Each structure stands twice: as C-alpha cells, then as structure tokens.
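Student: File run.cif follows (mmCIF, C-alpha atoms):
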data_work
loop_
_atom_site.group_PDB
_atom_site.id
_atom_site.type_symbol
_atom_site.label_atom_id
_atom_site.label_comp_id
_atom_site.auth_asym_id
_atom_site.auth_seq_id
_atom_site.Cartn_x
_atom_site.Cartn_y
_atom_site.Cartn_z
ATOM 1 C CA MET A 1 -8.550 -5.438 4.293
ATOM 2 C CA LEU A 2 -8.027 -1.660 4.217
ATOM 3 C CA GLY A 3 -11.164 -0.802 2.245
ATOM 4 C CA LEU A 4 -9.227 0.553 -0.749
ATOM 5 C CA GLN A 5 -10.449 0.293 -4.327
ATOM 6 C CA ARG A 6 -8.147 -0.595 -7.215
ATOM 7 C CA ARG A 7 -8.117 1.163 -10.580
ATOM 8 C CA LYS A 8 -5.741 0.755 -13.509
ATOM 9 C CA MET A 9 -3.896 3.883 -14.566
ATOM 10 C CA GLY A 10 -1.453 3.340 -17.439
ATOM 11 C CA ASN A 11 1.147 0.755 -16.430
ATOM 12 C CA ARG A 12 0.249 0.800 -12.733
ATOM 13 C CA PHE A 13 -2.576 0.138 -10.349
ATOM 14 C CA VAL A 14 -3.719 2.860 -7.977
ATOM 15 C CA TRP A 15 -5.281 1.762 -4.714
ATOM 16 C CA GLU A 16 -7.285 4.518 -3.039
ATOM 17 C CA GLY A 17 -9.979 5.069 -0.469
ATOM 18 C CA ILE A 18 -10.766 6.213 3.038
ATOM 19 C CA ASP A 19 -8.983 4.520 5.937
ATOM 20 C CA PRO A 20 -10.677 3.661 9.274
ATOM 21 C CA LYS A 21 -9.553 7.041 10.673
ATOM 22 C CA GLY A 22 -11.387 8.892 7.868
ATOM 23 C CA GLN A 23 -8.214 9.883 5.977
ATOM 24 C CA TYR A 24 -7.943 9.600 2.186
ATOM 25 C CA ARG A 25 -5.189 7.141 1.225
ATOM 26 C CA GLN A 26 -3.613 6.394 -2.146
ATOM 27 C CA VAL A 27 -0.713 4.200 -3.219
ATOM 28 C CA SER A 28 0.524 3.283 -6.714
ATOM 29 C CA ILE A 29 1.808 -0.172 -7.611
ATOM 30 C CA HIS A 30 3.587 -0.599 -10.940
ATOM 31 C CA VAL A 31 2.725 -3.793 -12.807
ATOM 32 C CA HIS A 32 5.914 -4.037 -14.877
ATOM 33 C CA ALA A 33 8.092 -5.091 -11.911
ATOM 34 C CA GLN A 34 7.338 -8.780 -12.656
ATOM 35 C CA GLY A 35 7.720 -9.920 -9.052
ATOM 36 C CA ARG A 36 11.030 -8.183 -8.348
ATOM 37 C CA ASP A 37 11.687 -6.854 -4.863
ATOM 38 C CA ILE A 38 11.136 -3.142 -4.400
ATOM 39 C CA PRO A 39 13.713 -0.920 -2.685
ATOM 40 C CA SER A 40 13.214 -0.564 1.074
ATOM 41 C CA GLY A 41 12.766 3.220 0.774
ATOM 42 C CA THR A 42 9.945 2.751 -1.754
ATOM 43 C CA PHE A 43 8.280 0.177 0.476
ATOM 44 C CA ASN A 44 8.596 2.464 3.498
ATOM 45 C CA LYS A 45 6.932 5.313 1.545
ATOM 46 C CA MET A 46 4.076 3.012 0.475
ATOM 47 C CA VAL A 47 3.559 1.909 4.078
ATOM 48 C CA LYS A 48 3.385 5.560 5.198
ATOM 49 C CA ASP A 49 1.048 6.430 2.275
ATOM 50 C CA LEU A 50 -1.309 3.717 3.543
ATOM 51 C CA GLY A 51 -1.393 5.385 6.969
ATOM 52 C CA PHE A 52 0.892 3.121 8.988
ATOM 53 C CA GLU A 53 3.493 4.648 11.287
ATOM 54 C CA SER A 54 6.134 2.034 10.465
ATOM 55 C CA GLU A 55 6.852 -1.141 8.531
ATOM 56 C CA GLU A 56 6.492 -3.086 11.782
ATOM 57 C CA GLU A 57 2.965 -1.722 12.299
ATOM 58 C CA PHE A 58 2.095 -2.700 8.719
ATOM 59 C CA PHE A 59 3.419 -6.251 9.183
ATOM 60 C CA ARG A 60 1.510 -6.649 12.473
ATOM 61 C CA PHE A 61 -1.689 -5.509 10.710
ATOM 62 C CA TYR A 62 -1.015 -7.832 7.768
ATOM 63 C CA LYS A 63 -0.310 -10.824 10.002
ATOM 64 C CA LEU A 64 -3.577 -10.318 11.898
ATOM 65 C CA ASN A 65 -5.688 -9.752 8.757
ATOM 66 C CA LYS A 66 -4.397 -12.104 6.067
#
Go through the file and emit its structure as structure tokens.
Tutor:
Amino acid sequence: MLGLQRRKMGNRFVWEGIDPKGQYRQVSIHVHAQGRDIPSGTFNKMVKDLGFESEEEFFRFYKLNK
C-alpha cells in the first residue's frame, strides 16, 4: 500500500521506505502487544511518521486502499 518494507529488529518490526513524495519514512511496531490497543498519542505519532497530516487522512487513505 505505502511501498514500505518490513524487517525484524529485536522484539519489533520496522517498516521503512520512500513514500510517494520521495520522503524516507520509518515506523516501529512492537510484536509483544498481543493485539492490545495502542494509546492514541502513539497512534498519532505513527500516523505522522508515515507522512499523513492527521489520523483522518490516514483512515481515508486506508479505506480507499484496503
């Protein structure tokens, strides 16, 4: 969807790559959460790290590309 590649790094996955605007993007996702919800501030930071302006922009993108 975003053209990011996944690599395992310890107890987390790192997704990284170049977005459509040519910017390097990286976000870490910890695998030990076992499906628990993440805090809204953490989610907001991840959304910004992926290059979206807001959570709403991310959800619009996700809805159109799932």
Student: Kindly give the distance, in Å, that separates CA of Asn65 (chain A) and CA of Lys8 (chain A), rounded to a single decimal.
Tutor: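 Computed distance, CA of Asn65 (chain A) to CA of Lys8 (chain A), equals 24.6 Å.
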Student: Pick out the residues sitting within 12 Å of Phe58 (chain A), and hand them over as number ranges by chain; count only C-alpha atoms, and ignore anything fewer than 4 positions along from it in its own chain.
Tutor: A: 1-2, 43-54, 62-66
Student: What is the distance between CA of Phe13 (chain A) and CA of His30 (chain A), in Å to one decimal?
Tutor: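 The value is 6.2 Å.
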Student: Using the chain letters and numbers from the file, give me the residues hit by the PyMOL selection byres ((chain A and resi 5) around 10), as number ranges by chain.
Tutor: A: 2-4, 6-7, 13-18, 26
Student: For a test of reading the model, state the distance in Å between CA of Asp37 (chain A) and CA of Asn11 (chain A), rounded to one decimal.
Tutor: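 Rounded to one decimal, the two atoms are 17.4 Å apart.
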Student: Just need the box for region 11-29 of chain A, edges along x, y and z, holding every atom the file lists for it with 3 Å tacked onto each side, so centre and edge lengths in Å to one decimal, as lines of an AutoDock Vina configuration file.
Tutor:
center_x = -4.8
center_y = 4.9
center_z = -2.9
size_x = 19.2
size_y = 16.1
size_z = 33.1
Student: Under the rule that all atoms listed in the file are counted, which of A:Arg60, A:Pro20, A:Glu55, A:Met9 is the nearest residue to Ser40 (chain A)?
Tutor: A:Glu55
Student: Take region 17-39 of chain A, model N, CA, C and O atoms, and hand the result over as a CSV table (one decimal), in the frame of the given file.
Tutor:
chain,number,residue,atom,x,y,z
A,17,GLY,N,-8.8,5.1,-1.3
A,17,GLY,CA,-10.0,5.1,-0.5
A,17,GLY,C,-9.8,5.8,0.9
A,17,GLY,O,-8.8,6.5,1.1
A,18,ILE,N,-10.8,5.6,1.7
A,18,ILE,CA,-10.8,6.2,3.0
A,18,ILE,C,-10.4,5.2,4.1
A,18,ILE,O,-11.0,4.1,4.1
A,19,ASP,N,-9.4,5.5,4.9
A,19,ASP,CA,-9.0,4.5,5.9
A,19,ASP,C,-9.9,4.6,7.1
A,19,ASP,O,-10.8,5.4,7.2
A,20,PRO,N,-9.8,3.7,8.1
A,20,PRO,CA,-10.7,3.7,9.3
A,20,PRO,C,-10.7,5.0,10.1
A,20,PRO,O,-11.6,5.2,10.8
A,21,LYS,N,-9.6,5.8,10.0
A,21,LYS,CA,-9.6,7.0,10.7
A,21,LYS,C,-10.2,8.2,9.9
A,21,LYS,O,-10.1,9.3,10.3
A,22,GLY,N,-10.7,7.9,8.7
A,22,GLY,CA,-11.4,8.9,7.9
A,22,GLY,C,-10.5,9.7,7.0
A,22,GLY,O,-10.9,10.6,6.3
A,23,GLN,N,-9.2,9.2,6.8
A,23,GLN,CA,-8.2,9.9,6.0
A,23,GLN,C,-8.2,9.3,4.6
A,23,GLN,O,-8.2,8.0,4.4
A,24,TYR,N,-8.1,10.1,3.6
A,24,TYR,CA,-7.9,9.6,2.2
A,24,TYR,C,-6.6,9.0,2.0
A,24,TYR,O,-5.6,9.6,2.4
A,25,ARG,N,-6.5,7.8,1.4
A,25,ARG,CA,-5.2,7.1,1.2
A,25,ARG,C,-5.1,6.7,-0.2
A,25,ARG,O,-6.1,6.4,-0.9
A,26,GLN,N,-3.9,6.8,-0.8
A,26,GLN,CA,-3.6,6.4,-2.1
A,26,GLN,C,-2.2,5.9,-2.2
A,26,GLN,O,-1.3,6.4,-1.7
A,27,VAL,N,-2.0,4.8,-3.0
A,27,VAL,CA,-0.7,4.2,-3.2
A,27,VAL,C,-0.7,3.6,-4.6
A,27,VAL,O,-1.7,3.0,-5.1
A,28,SER,N,0.4,3.8,-5.4
A,28,SER,CA,0.5,3.3,-6.7
A,28,SER,C,1.4,2.1,-6.7
A,28,SER,O,2.4,2.0,-6.0
A,29,ILE,N,1.0,1.0,-7.5
A,29,ILE,CA,1.8,-0.2,-7.6
A,29,ILE,C,2.0,-0.4,-9.1
A,29,ILE,O,1.0,-0.6,-9.8
A,30,HIS,N,3.3,-0.4,-9.5
A,30,HIS,CA,3.6,-0.6,-10.9
A,30,HIS,C,3.5,-2.1,-11.3
A,30,HIS,O,4.1,-2.9,-10.6
A,31,VAL,N,2.9,-2.4,-12.4
A,31,VAL,CA,2.7,-3.8,-12.8
A,31,VAL,C,3.9,-4.4,-13.6
A,31,VAL,O,3.9,-5.6,-13.9
A,32,HIS,N,4.8,-3.5,-14.0
A,32,HIS,CA,5.9,-4.0,-14.9
A,32,HIS,C,7.1,-4.6,-14.1
A,32,HIS,O,8.1,-5.0,-14.6
A,33,ALA,N,7.0,-4.6,-12.7
A,33,ALA,CA,8.1,-5.1,-11.9
A,33,ALA,C,8.3,-6.6,-12.0
A,33,ALA,O,9.3,-7.1,-11.7
A,34,GLN,N,7.3,-7.3,-12.4
A,34,GLN,CA,7.3,-8.8,-12.7
A,34,GLN,C,7.9,-9.5,-11.4
A,34,GLN,O,8.7,-10.4,-11.5
A,35,GLY,N,7.4,-9.2,-10.3
A,35,GLY,CA,7.7,-9.9,-9.1
A,35,GLY,C,9.0,-9.6,-8.4
A,35,GLY,O,9.4,-10.2,-7.4
A,36,ARG,N,9.8,-8.6,-8.9
A,36,ARG,CA,11.0,-8.2,-8.3
A,36,ARG,C,10.8,-7.5,-7.0
A,36,ARG,O,9.8,-6.8,-6.8
A,37,ASP,N,11.8,-7.6,-6.1
A,37,ASP,CA,11.7,-6.9,-4.9
A,37,ASP,C,11.7,-5.4,-5.1
A,37,ASP,O,12.4,-4.9,-6.1
A,38,ILE,N,11.1,-4.6,-4.3
A,38,ILE,CA,11.1,-3.1,-4.4
A,38,ILE,C,12.1,-2.6,-3.4
A,38,ILE,O,12.3,-3.2,-2.3
A,39,PRO,N,12.8,-1.5,-3.7
A,39,PRO,CA,13.7,-0.9,-2.7
A,39,PRO,C,13.0,-0.6,-1.3
A,39,PRO,O,11.8,-0.3,-1.3
